[in-house]
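A quick write-up on the structure given underneath.
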Amino acid sequence: MVKDGAFTTKIPIWRDERVLKAAAQIISSILVFAFIYWAINNFIEITQQRGMPLTYEFLNEAAGFPIKESFIPYESTMSFGRAVLVGVINTLVVSAAGILLATLLGFIVGLMRLSSNWLISRIAFVYIEFHRNIPLLVLLFLWYFGIFTKLPAVNQSIALPDLIYINQRGFYLTWPDLAEGGALFAASLVAGIILAIIAWLVLRHIRQVKGTETYFGRISLAVLFLVPLIGWFVSGGQPLLLDVPVLKGFNYQGGLRLTTEFTALLIGLAMYTSAFIAEVIRAGIQAVQKGQIEAAKAVGLRSSQILTLIIIPQAMRVIIPPLISQYLNLTKNTSLALAIGYQELFAIGKVTINQAGRAVTVFILIMAIYLVISLLTSIILNIYNKRVQFIER
Amino acid sequence: MTVIPQESAPPSPPGGLEWIRKNLFSTWYNSLLTIAGGTLVYFTLINIITWIFKTADWRPITVAPLLYLIGQYPREELWRVGISMLMISFLVGMSWGVWKRYVRSFAIFLGILFTVLAVFPLETPTITLPIRIFVLINPFLIYFGYRIGRTKRVLGRHVATLWLVALLLIPLVILPGFDNSSLLPKVPTTVWGGLMITLLLSVGGIVLSFPFGILLALGRRSSLPMVKLFSIFFIETVRAVPLVTILFMFSVLLALFLPTEARIDRVIRALMGIVFFSAAYTAENVRGGLQAIPPGQVEAAKAVGLKNFHTTVLIVLPQALRLVIPNIVGQFISLFKDTTLVYIVGINDLLGIGNAVLNLNSEFVRLQMEVYLFIAIIFWIFSYFMSYASLQLEKALGVGER
């Protein structure tokens with residue numbers, strides 16, 4: 001007979017897994033917090049020596065430095081908070097424009113790379129390999145210092161008359177402005193888009209439920225164009241005025257002005273990222289099995305239907321996740337603007353640090369803003385990603 | 001008897017004309033595209049070639065090629081850089097001999113690069129014949145190392161140990177030197193620069209970030225909630241902010257969090273920032289490898305009685321790390337390119353040197369295109385061949401096939 005004790009011997013405390021795990025957690029927490037405590041202690045000591053209070057009240061003080069370009073009204077007499085807001089908006093604008101342009105370019109180059117035409121495919125290959133293997137900062141320098149600072153002076157602008165003028169000061173584009181009564185047209189434009197989306201969703205739902213053809217694509221397309229067209233005529237047929245840049249004195253007035261810094265950053269970012277996006281798109285399209293296309297042909301789908309119903313939905317599943325990280329990279333890379341003088345969040349943050357003398361507080365603010373921008377972008381895109389992924393049955 | 005039908009001969013491979021018809025002029029719109037694309041390529045090439053050989057002024061590069069390689073490193077101490085180079089060449093050769101095709105393409109690339117550099121026709125007085133000969137020794141040393149590495153007595157762990165010794169010796173002893181030494185006088189990091197610092201920062205960054213990355217990856221998969229939380233917080237925060245902000249944090253703000261008497265070298269601070277940044281990305285790469293290990297491996301290890309620690313170190317990690325080598329190489333390439341950002345915090349890497357040269361002489365001020373294009377080409381050559389080598393490595397490891 002075996003004594004009961006042989007089986008119920010207690011595991012010694014230093015080998016009990018639960019105890020060990022708890023101990024590991026406590027020790028690691030103590031280590032981390034001790035390190036943070038040590039760093040903060042040092043920090044407080046130094047800040048007390050130099051007299052830099054850890055509050056954000058200075059954000060209400062006057063900034064006292066000018067910002068070259070701003071999408072909201074800004075004067076150097078306005079507050080630091082306003083300056084940071086200008087930086088956030090500048091970052092968001094250049095990121096959004098960059099993402100749009102990079103996606104467009106990336107799609108074109110990616111499709112070119114897949115072309116059955118050898119030459120076209122090679123051109124795309126060279127484009128991709130050139131941009132993928134050089135640092136973004138060098139590319140930005142090439143565009144800005146190598147090309148844009150060497151543009152002609154104002155009175156010798158490169159010009160497509162009445163459309164675009166390019167010189168050292170920037171790019172001047174003819175841009176539509178709303179005329180009197182143009183608000184009605186703008187409203188009808190927005191209404192058209194919203195109605196078209198509603199029509200698409202409702203009619204497609206009806207089709208999916210009842211199985212009858214509702215022509216949701218054509219109808220929503222018609223709505224998209226007809227509503228703004230009605231708005232155009234109701235508002236008197238002249239809702240838009242073209243704002244043409246005109247040379248007045250030493251500079252062009254009117255139109256849309258893009259500074260060379262902004263344009264260099266935008267072009268550099270977009271071209272750099274588009275090379276990566278092109279590869280993502282190529283991989284996505286190549287991931288669609290040949291059998292899928294053959295099967296689609298066998299059941300008699302037209303080639304446009306094969307593209308929209310078979311290839312794109314399946315390629316999207318592969319494309320979206322890496323595309324999200326490319327968009328995030330682009331947004332983070334806008335911080336390189338500092339080196340070519342476009343004042344976005346990081347650049348303005350640096351000036352603010354110099355002006356306000358509160359390095360850490362400003363820095364935490366800037367990191368937090370980048371964190372929020374990144375998180376928001378990835379949350380929004382991940383929701384979309386969930387929708388296109390396989391729903392396993 | 002059944003008659004076996006004679007098979008027709010397989011179609012002969014398409015000839016030149018056939019290939020052109022099929023790949024360039026298969027349909028009318030393809031022909032149109034070919035003609036448009038061809039015209040574009042023709043004029044672009046003509047323009048580029050005339051610019052390179054006629055318009056461009058390459059003096060900012062030819063006047064001081066050594067500056068781009070080593071920055072202001074004292075020329076009388078040049079032999080120390082040379083010795084470091086020779087050590088690395090020899091070790092690359094030995095690695096080629098031991099690990100064969102995993103390293104082959106990189107070793108060959110390095111050999112060709114040195115040969116081209118040694119014989120490149122440049123009439124610069126600073127590039128003396130001894131320097132050229134010194135550079136030309138490298139490819140032979142690579143081959144010599146290869147022959148030694150191929151012998152049966154040399155094992156992978158020997159070469160790995162030598163690498164470790166060299167990677168500690170070069171940046172800590174040979175290049176910086178000591179305060180009161182006549183053989184190796186002190187060379188402060190303020191005069192280090194050029195490609196040397198770019199390579200030191202990127203290699204140092206990836207090597208040093210490795211242990212932290214592994215710990216963070218294990219932490220993220222840990223069953224201990226506190227450890228997991230710390231790891232996720234670190235990884236996600238670092239990945240969400242740009243590298244510039246982290247570099248800036250380390251170069252400017254670090255001093256505020258340390259005791260007042262602590263002073264850290266400028267280059268070390270930049271390196272710390274790079275390691276801090278890179279560790280988060282290494283962690284995500286390693287995590288990918290860890291996830292790819294089938295749970296059966298862990299269960300089997302437990303069944304034969306291995307403890308958790310041994311299961312991780314002996315069973316899971318070796319397999320996981322093998323899987324992520326190509327990803328780590330990819331990460332290294334992007335880190336190599338990202339080191340240009342240290343220019344923003346005032347370190348004279350390739351880009352910093354380029355800017356310094358532009359300000360050297362009033363005739364050079366407008367020659368940004370030449371200088372930046374030259375720097376772009378250096379980066380391009382390194383990144384392109386490293387990604388080519390990584391592709392070969394991937395094939396050799398058979399990662400995609402399992």
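Chain labels follow the order of the structure tokens: the first chain is A, the next B, and so on; residue numbering restarts at 1 in every chain, and ligands are counted from 1 in their shown order.
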Find the residues of chain B in contact range of chain A, meaning any atom within 8 Å when counting only C-alpha atoms, and list them as an mmCIF file with N, CA and C atoms, in the first residue's frame.
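What follows is the written file result.cif:
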data_model
loop_
_atom_site.group_PDB
_atom_site.id
_atom_site.type_symbol
_atom_site.label_atom_id
_atom_site.label_comp_id
_atom_site.auth_asym_id
_atom_site.auth_seq_id
_atom_site.Cartn_x
_atom_site.Cartn_y
_atom_site.Cartn_z
ATOM 1 N N ASN B 23 5.767 39.860 -77.338
ATOM 2 C CA ASN B 23 5.879 40.637 -76.115
ATOM 3 C C ASN B 23 5.739 42.136 -76.313
ATOM 4 N N LEU B 24 5.855 42.589 -77.545
ATOM 5 C CA LEU B 24 5.784 44.036 -77.746
ATOM 6 C C LEU B 24 4.647 44.456 -78.668
ATOM 7 N N PHE B 25 4.277 43.598 -79.644
ATOM 8 C CA PHE B 25 3.297 44.044 -80.641
ATOM 9 C C PHE B 25 2.158 43.039 -80.789
ATOM 10 N N ASN B 30 -1.176 47.322 -77.693
ATOM 11 C CA ASN B 30 0.159 47.016 -77.187
ATOM 12 C C ASN B 30 1.233 47.661 -78.056
ATOM 13 N N LEU B 33 1.358 51.240 -77.123
ATOM 14 C CA LEU B 33 2.047 51.417 -75.843
ATOM 15 C C LEU B 33 3.550 51.280 -76.020
ATOM 16 N N THR B 34 3.955 50.279 -76.813
ATOM 17 C CA THR B 34 5.385 50.059 -77.023
ATOM 18 C C THR B 34 6.020 51.280 -77.664
ATOM 19 N N GLY B 37 5.995 54.163 -75.095
ATOM 20 C CA GLY B 37 6.973 53.879 -74.041
ATOM 21 C C GLY B 37 8.391 53.966 -74.566
ATOM 22 N N GLY B 38 8.613 53.422 -75.770
ATOM 23 C CA GLY B 38 9.947 53.444 -76.366
ATOM 24 C C GLY B 38 10.439 54.859 -76.579
ATOM 25 N N LEU B 224 1.662 36.078 -18.804
ATOM 26 C CA LEU B 224 1.619 36.979 -17.656
ATOM 27 C C LEU B 224 1.071 38.332 -18.106
ATOM 28 N N PRO B 225 -0.079 38.742 -17.584
ATOM 29 C CA PRO B 225 -0.726 39.953 -18.104
ATOM 30 C C PRO B 225 0.134 41.207 -17.985
ATOM 31 N N MET B 226 0.877 41.376 -16.883
ATOM 32 C CA MET B 226 1.654 42.602 -16.743
ATOM 33 C C MET B 226 2.755 42.680 -17.807
ATOM 34 N N VAL B 227 3.475 41.570 -17.968
ATOM 35 C CA VAL B 227 4.562 41.530 -18.948
ATOM 36 C C VAL B 227 4.010 41.785 -20.342
ATOM 37 N N THR B 237 3.460 51.754 -29.240
ATOM 38 C CA THR B 237 3.785 53.182 -29.175
ATOM 39 C C THR B 237 4.924 53.511 -30.123
ATOM 40 N N ALA B 240 4.023 53.547 -33.725
ATOM 41 C CA ALA B 240 3.065 54.561 -34.169
ATOM 42 C C ALA B 240 3.703 55.921 -34.377
ATOM 43 N N VAL B 241 4.916 56.129 -33.879
ATOM 44 C CA VAL B 241 5.520 57.454 -34.032
ATOM 45 C C VAL B 241 6.682 57.382 -35.026
ATOM 46 N N PRO B 242 6.984 58.506 -35.696
ATOM 47 C CA PRO B 242 8.063 58.508 -36.686
ATOM 48 C C PRO B 242 9.434 58.357 -36.038
ATOM 49 N N VAL B 244 12.067 60.023 -36.676
ATOM 50 C CA VAL B 244 12.674 61.324 -36.366
ATOM 51 C C VAL B 244 12.367 61.735 -34.938
ATOM 52 N N THR B 245 11.115 61.525 -34.507
ATOM 53 C CA THR B 245 10.767 61.959 -33.159
ATOM 54 C C THR B 245 11.572 61.173 -32.133
ATOM 55 N N MET B 249 14.182 62.614 -29.550
ATOM 56 C CA MET B 249 13.999 62.363 -28.132
ATOM 57 C C MET B 249 15.334 61.969 -27.495
ATOM 58 N N LEU B 253 16.319 65.064 -25.553
ATOM 59 C CA LEU B 253 15.616 64.943 -24.277
ATOM 60 C C LEU B 253 16.261 63.970 -23.310
ATOM 61 N N LEU B 256 17.733 65.067 -20.081
ATOM 62 C CA LEU B 256 16.847 65.542 -19.019
ATOM 63 C C LEU B 256 16.409 64.424 -18.085
ATOM 64 N N PHE B 257 16.553 63.167 -18.537
ATOM 65 C CA PHE B 257 16.077 62.062 -17.725
ATOM 66 C C PHE B 257 17.206 61.312 -17.043
ATOM 67 N N LEU B 258 18.414 61.773 -17.239
ATOM 68 C CA LEU B 258 19.552 61.100 -16.637
ATOM 69 C C LEU B 258 20.121 61.981 -15.534
ATOM 70 N N PRO B 259 20.861 61.377 -14.603
ATOM 71 C CA PRO B 259 21.523 62.201 -13.593
ATOM 72 C C PRO B 259 22.382 63.257 -14.281
ATOM 73 N N THR B 260 22.481 64.437 -13.680
ATOM 74 C CA THR B 260 23.145 65.563 -14.350
ATOM 75 C C THR B 260 24.579 65.263 -14.744
ATOM 76 N N LYS B 337 18.500 52.417 -44.842
ATOM 77 C CA LYS B 337 18.052 53.647 -45.490
ATOM 78 C C LYS B 337 17.623 54.689 -44.462
ATOM 79 N N ASP B 338 16.991 54.214 -43.380
ATOM 80 C CA ASP B 338 16.481 55.157 -42.382
ATOM 81 C C ASP B 338 17.577 55.853 -41.596
ATOM 82 N N THR B 340 19.708 57.635 -42.601
ATOM 83 C CA THR B 340 19.931 58.991 -43.131
ATOM 84 C C THR B 340 19.307 60.036 -42.216
ATOM 85 N N LEU B 341 18.289 59.618 -41.428
ATOM 86 C CA LEU B 341 17.616 60.605 -40.580
ATOM 87 C C LEU B 341 18.516 61.147 -39.479
ATOM 88 N N ILE B 344 19.406 64.708 -39.470
ATOM 89 C CA ILE B 344 18.547 65.750 -38.888
ATOM 90 C C ILE B 344 18.980 66.086 -37.457
ATOM 91 N N LEU B 351 24.713 61.712 -45.872
ATOM 92 C CA LEU B 351 23.962 62.899 -46.263
ATOM 93 C C LEU B 351 24.569 64.158 -45.643
ATOM 94 N N LEU B 367 25.328 72.637 -56.858
ATOM 95 C CA LEU B 367 25.482 71.293 -57.443
ATOM 96 C C LEU B 367 24.792 70.221 -56.609
ATOM 97 N N GLN B 368 23.645 70.567 -56.019
ATOM 98 C CA GLN B 368 22.957 69.597 -55.160
ATOM 99 C C GLN B 368 22.573 68.332 -55.910
ATOM 100 N N MET B 369 22.136 68.503 -57.167
ATOM 101 C CA MET B 369 21.666 67.354 -57.939
ATOM 102 C C MET B 369 22.758 66.280 -58.011
ATOM 103 N N TYR B 372 23.497 64.726 -54.339
ATOM 104 C CA TYR B 372 22.436 63.865 -53.816
ATOM 105 C C TYR B 372 22.240 62.634 -54.701
ATOM 106 N N LEU B 373 22.436 62.816 -55.995
ATOM 107 C CA LEU B 373 22.297 61.659 -56.887
ATOM 108 C C LEU B 373 23.389 60.631 -56.593
ATOM 109 N N ILE B 375 24.858 60.173 -53.709
ATOM 110 C CA ILE B 375 24.497 59.507 -52.448
ATOM 111 C C ILE B 375 23.375 58.495 -52.696
ATOM 112 N N ALA B 376 22.401 58.910 -53.498
ATOM 113 C CA ALA B 376 21.296 57.999 -53.813
ATOM 114 C C ALA B 376 21.829 56.722 -54.461
ATOM 115 N N ILE B 377 22.813 56.887 -55.351
ATOM 116 C CA ILE B 377 23.349 55.706 -56.048
ATOM 117 C C ILE B 377 24.051 54.773 -55.067
ATOM 118 N N PHE B 379 23.409 54.385 -51.874
ATOM 119 C CA PHE B 379 22.365 53.672 -51.142
ATOM 120 C C PHE B 379 21.693 52.640 -52.027
ATOM 121 N N TRP B 380 21.463 53.034 -53.268
ATOM 122 C CA TRP B 380 20.759 52.135 -54.188
ATOM 123 C C TRP B 380 21.540 50.838 -54.363
ATOM 124 N N ILE B 381 22.847 50.979 -54.634
ATOM 125 C CA ILE B 381 23.657 49.779 -54.873
ATOM 126 C C ILE B 381 23.596 48.848 -53.663
ATOM 127 N N SER B 383 21.368 48.712 -51.121
ATOM 128 C CA SER B 383 20.045 48.148 -50.834
ATOM 129 C C SER B 383 19.645 47.136 -51.886
ATOM 130 N N TYR B 384 19.937 47.461 -53.148
ATOM 131 C CA TYR B 384 19.485 46.553 -54.206
ATOM 132 C C TYR B 384 20.163 45.197 -54.062
#
Long-range neighbours of A:Ala186 as a CSV table (one decimal) with C-alpha atoms, in the first residue's frame, 10 Å cut-off, only C-alpha atoms, 6 positions minimum in chain:
chain,number,residue,atom,x,y,z
A,178,LEU,CA,-17.8,79.2,-55.9
A,192,GLY,CA,-25.8,63.7,-55.1
A,228,PRO,CA,-25.5,68.0,-59.3
A,231,GLY,CA,-28.2,72.0,-59.1
A,232,TRP,CA,-26.0,73.5,-61.9
A,235,SER,CA,-28.2,77.9,-59.6
A,239,PRO,CA,-22.0,78.4,-60.2
A,240,LEU,CA,-18.2,78.2,-60.5
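Of note, atom CA of A:Tyr56 and atom CA of A:Leu365 are spaced 9.3 Å apart.
Computed from the coordinates, the atom CA of A:Val288 to atom CA of B:Ser26 distance equals 24.0 Å.
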- Message: Could you list, as a ChimeraX atom specification, every residue within 12 Å of stretch 171-187 of chain B, counting only C-alpha atoms and ignoring same-chain residues fewer than 3 positions away?
- Response: /B:70,72-85,87,164-168,190-193,196-197,199-201,203-204,265,267-268
With N, CA and C atoms retained, could you export that selection as a compact mmCIF listing (two decimals), in the first residue's frame?
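Final output, part09.txt:
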# COMPACT_ATOMS: atom_id res chain seq x y z
N ILE B 70 34.62 57.94 -44.99
CA ILE B 70 34.95 57.91 -43.56
C ILE B 70 34.81 59.26 -42.89
N GLN B 72 35.60 62.86 -41.46
CA GLN B 72 36.81 63.58 -41.05
C GLN B 72 37.79 62.69 -40.30
N TYR B 73 37.60 61.39 -40.33
CA TYR B 73 38.49 60.48 -39.61
C TYR B 73 39.92 60.78 -40.01
N PRO B 74 40.82 61.01 -39.04
CA PRO B 74 42.18 61.48 -39.37
C PRO B 74 42.85 60.58 -40.41
N ARG B 75 43.43 61.22 -41.43
CA ARG B 75 43.98 60.44 -42.53
C ARG B 75 45.19 59.62 -42.10
N GLU B 76 45.91 60.12 -41.05
CA GLU B 76 47.08 59.34 -40.63
C GLU B 76 46.66 58.07 -39.88
N GLU B 77 45.37 58.03 -39.46
CA GLU B 77 44.87 56.82 -38.79
C GLU B 77 44.07 55.96 -39.75
N LEU B 78 44.23 56.23 -41.03
CA LEU B 78 43.42 55.55 -42.04
C LEU B 78 43.56 54.03 -41.96
N TRP B 79 44.75 53.58 -41.56
CA TRP B 79 45.00 52.13 -41.54
C TRP B 79 44.02 51.41 -40.63
N ARG B 80 43.49 52.13 -39.61
CA ARG B 80 42.57 51.46 -38.69
C ARG B 80 41.26 51.11 -39.39
N VAL B 81 40.81 52.03 -40.25
CA VAL B 81 39.61 51.72 -41.04
C VAL B 81 39.93 50.55 -41.98
N GLY B 82 41.16 50.62 -42.58
CA GLY B 82 41.56 49.57 -43.51
C GLY B 82 41.58 48.21 -42.86
N ILE B 83 42.16 48.13 -41.64
CA ILE B 83 42.23 46.86 -40.92
C ILE B 83 40.81 46.34 -40.64
N SER B 84 39.92 47.25 -40.22
CA SER B 84 38.54 46.84 -39.95
C SER B 84 37.92 46.24 -41.20
N MET B 85 38.19 46.92 -42.34
CA MET B 85 37.64 46.46 -43.61
C MET B 85 38.15 45.06 -43.94
N MET B 87 39.28 42.79 -41.87
CA MET B 87 38.71 41.81 -40.96
C MET B 87 37.33 41.38 -41.44
N LEU B 164 31.43 37.92 -33.59
CA LEU B 164 31.11 38.63 -32.35
C LEU B 164 32.33 39.45 -31.90
N VAL B 165 33.51 38.79 -31.94
CA VAL B 165 34.74 39.48 -31.51
C VAL B 165 34.98 40.70 -32.39
N ALA B 166 34.86 40.50 -33.72
CA ALA B 166 35.13 41.60 -34.65
C ALA B 166 34.13 42.73 -34.43
N LEU B 167 32.85 42.39 -34.25
CA LEU B 167 31.83 43.43 -34.12
C LEU B 167 31.98 44.20 -32.80
N LEU B 168 32.63 43.58 -31.82
CA LEU B 168 32.91 44.32 -30.59
C LEU B 168 34.19 45.12 -30.74
N THR B 190 33.10 62.73 -33.00
CA THR B 190 32.69 63.93 -33.75
C THR B 190 33.30 63.97 -35.14
N VAL B 191 34.44 63.27 -35.33
CA VAL B 191 35.06 63.30 -36.66
C VAL B 191 34.69 62.06 -37.48
N TRP B 192 33.97 61.11 -36.88
CA TRP B 192 33.52 59.96 -37.67
C TRP B 192 32.45 60.45 -38.64
N GLY B 193 32.37 59.81 -39.80
CA GLY B 193 31.33 60.26 -40.70
C GLY B 193 31.23 59.40 -41.94
N MET B 196 30.90 55.12 -43.33
CA MET B 196 31.33 54.38 -42.16
C MET B 196 30.28 54.47 -41.05
N ILE B 197 29.82 55.69 -40.80
CA ILE B 197 28.88 55.86 -39.69
C ILE B 197 27.50 55.31 -40.07
N LEU B 199 27.00 52.69 -41.91
CA LEU B 199 27.07 51.24 -41.71
C LEU B 199 27.13 50.88 -40.23
N LEU B 200 27.93 51.64 -39.46
CA LEU B 200 28.02 51.34 -38.02
C LEU B 200 26.66 51.45 -37.36
N LEU B 201 25.93 52.52 -37.68
CA LEU B 201 24.64 52.73 -37.04
C LEU B 201 23.63 51.66 -37.46
N VAL B 203 24.26 48.50 -38.79
CA VAL B 203 24.63 47.16 -38.30
C VAL B 203 24.47 47.11 -36.78
N GLY B 204 25.00 48.15 -36.10
CA GLY B 204 24.86 48.20 -34.65
C GLY B 204 23.40 48.19 -34.24
N ASP B 265 27.78 60.07 -25.40
CA ASP B 265 28.28 60.50 -26.70
C ASP B 265 27.14 60.67 -27.71
N VAL B 267 26.94 60.08 -30.95
CA VAL B 267 26.68 58.94 -31.83
C VAL B 267 25.99 57.82 -31.06
N ILE B 268 26.44 57.61 -29.80
CA ILE B 268 25.82 56.57 -28.99
C ILE B 268 24.34 56.89 -28.77
- Message: Please return, as JSON, numbers by chain, all residues of stretch 68-305 of chain B that DSSP assigns to alpha helix (DSSP H) on the basis of the backbone.
- Response: {"B": [68, 69, 70, 78, 79, 80, 81, 82, 83, 84, 85, 86, 87, 88, 89, 90, 91, 92, 93, 94, 95, 96, 97, 98, 99, 101, 102, 103, 104, 105, 106, 107, 108, 109, 110, 111, 112, 113, 114, 115, 116, 117, 118, 119, 129, 130, 131, 132, 133, 134, 135, 136, 137, 138, 139, 140, 141, 142, 143, 144, 145, 146, 147, 148, 149, 150, 156, 157, 158, 159, 160, 161, 162, 163, 164, 165, 166, 167, 168, 169, 194, 195, 196, 197, 198, 199, 200, 201, 202, 203, 204, 205, 206, 207, 208, 209, 210, 211, 212, 213, 214, 215, 216, 217, 218, 219, 220, 225, 226, 227, 228, 229, 230, 231, 232, 233, 234, 235, 236, 237, 238, 239, 240, 243, 244, 245, 246, 247, 248, 254, 255, 256, 257, 266, 267, 268, 269, 270, 271, 272, 273, 274, 275, 276, 277, 278, 279, 280, 281, 282, 283, 284, 285, 286, 287, 288, 289, 290, 291, 292, 295, 296, 297, 298, 299, 300, 301, 302, 303]}
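Minimum distance to B:Arg322 across B:Gly288, B:Pro211, B:Gly111, B:Gly16 (counting only C-alpha atoms) occurs at B:Gly288.
Considering only C-alpha atoms, the residue among B:Val98, B:Leu69, B:Val342, B:Val286 positioned nearest to B:Leu271 is B:Val342.
With only C-alpha atoms as the atoms that count, the residue of B:Ile20, B:Ala262, B:Ile325, B:Leu243 with the shortest distance to B:Leu391 is B:Ile325.
Picture a line from atom CA of B:Leu335 to atom CA of A:Phe262; it runs 25.7 Å.
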Would you list the contacts of B:Asn138 as an mmCIF file with C-alpha atoms, in the first residue's frame, taking every protein, DNA or RNA residue within 12 Å and counting only C-alpha atoms, but skipping same-chain residues closer than 5 positions in sequence?
data_model
loop_
_atom_site.group_PDB
_atom_site.id
_atom_site.type_symbol
_atom_site.label_atom_id
_atom_site.label_comp_id
_atom_site.auth_asym_id
_atom_site.auth_seq_id
_atom_site.Cartn_x
_atom_site.Cartn_y
_atom_site.Cartn_z
ATOM 1 C CA GLY B 82 41.558 49.569 -43.511
ATOM 2 C CA ILE B 83 42.227 46.860 -40.921
ATOM 3 C CA SER B 84 38.543 46.837 -39.948
ATOM 4 C CA MET B 85 37.636 46.458 -43.609
ATOM 5 C CA LEU B 86 40.067 43.567 -44.035
ATOM 6 C CA MET B 87 38.706 41.805 -40.959
ATOM 7 C CA ILE B 88 35.159 42.079 -42.256
ATOM 8 C CA SER B 89 36.149 40.890 -45.732
ATOM 9 C CA PHE B 90 37.895 37.854 -44.287
ATOM 10 C CA LEU B 91 34.925 37.018 -42.070
ATOM 11 C CA VAL B 92 32.471 37.419 -44.944
ATOM 12 C CA GLY B 93 34.651 35.003 -46.907
ATOM 13 C CA ALA B 107 30.163 37.820 -50.534
ATOM 14 C CA ILE B 108 30.443 37.988 -54.316
ATOM 15 C CA LEU B 110 31.251 42.698 -51.761
ATOM 16 C CA GLY B 111 34.201 41.319 -53.733
ATOM 17 C CA ILE B 112 33.063 42.984 -56.937
ATOM 18 C CA LEU B 113 32.424 46.256 -55.104
ATOM 19 C CA PHE B 114 35.956 46.350 -53.695
ATOM 20 C CA THR B 115 37.490 45.489 -57.046
ATOM 21 C CA VAL B 116 35.563 48.248 -58.802
ATOM 22 C CA LEU B 117 36.481 50.759 -56.092
ATOM 23 C CA ALA B 118 40.157 49.814 -56.318
ATOM 24 C CA ILE B 131 45.181 52.875 -50.733
ATOM 25 C CA ARG B 132 44.133 51.280 -54.013
ATOM 26 C CA ILE B 133 46.288 48.242 -53.330
ATOM 27 C CA TYR B 143 38.301 34.284 -51.424
ATOM 28 C CA PHE B 144 41.024 33.247 -48.969
ATOM 29 C CA GLY B 145 38.462 33.225 -46.155
#
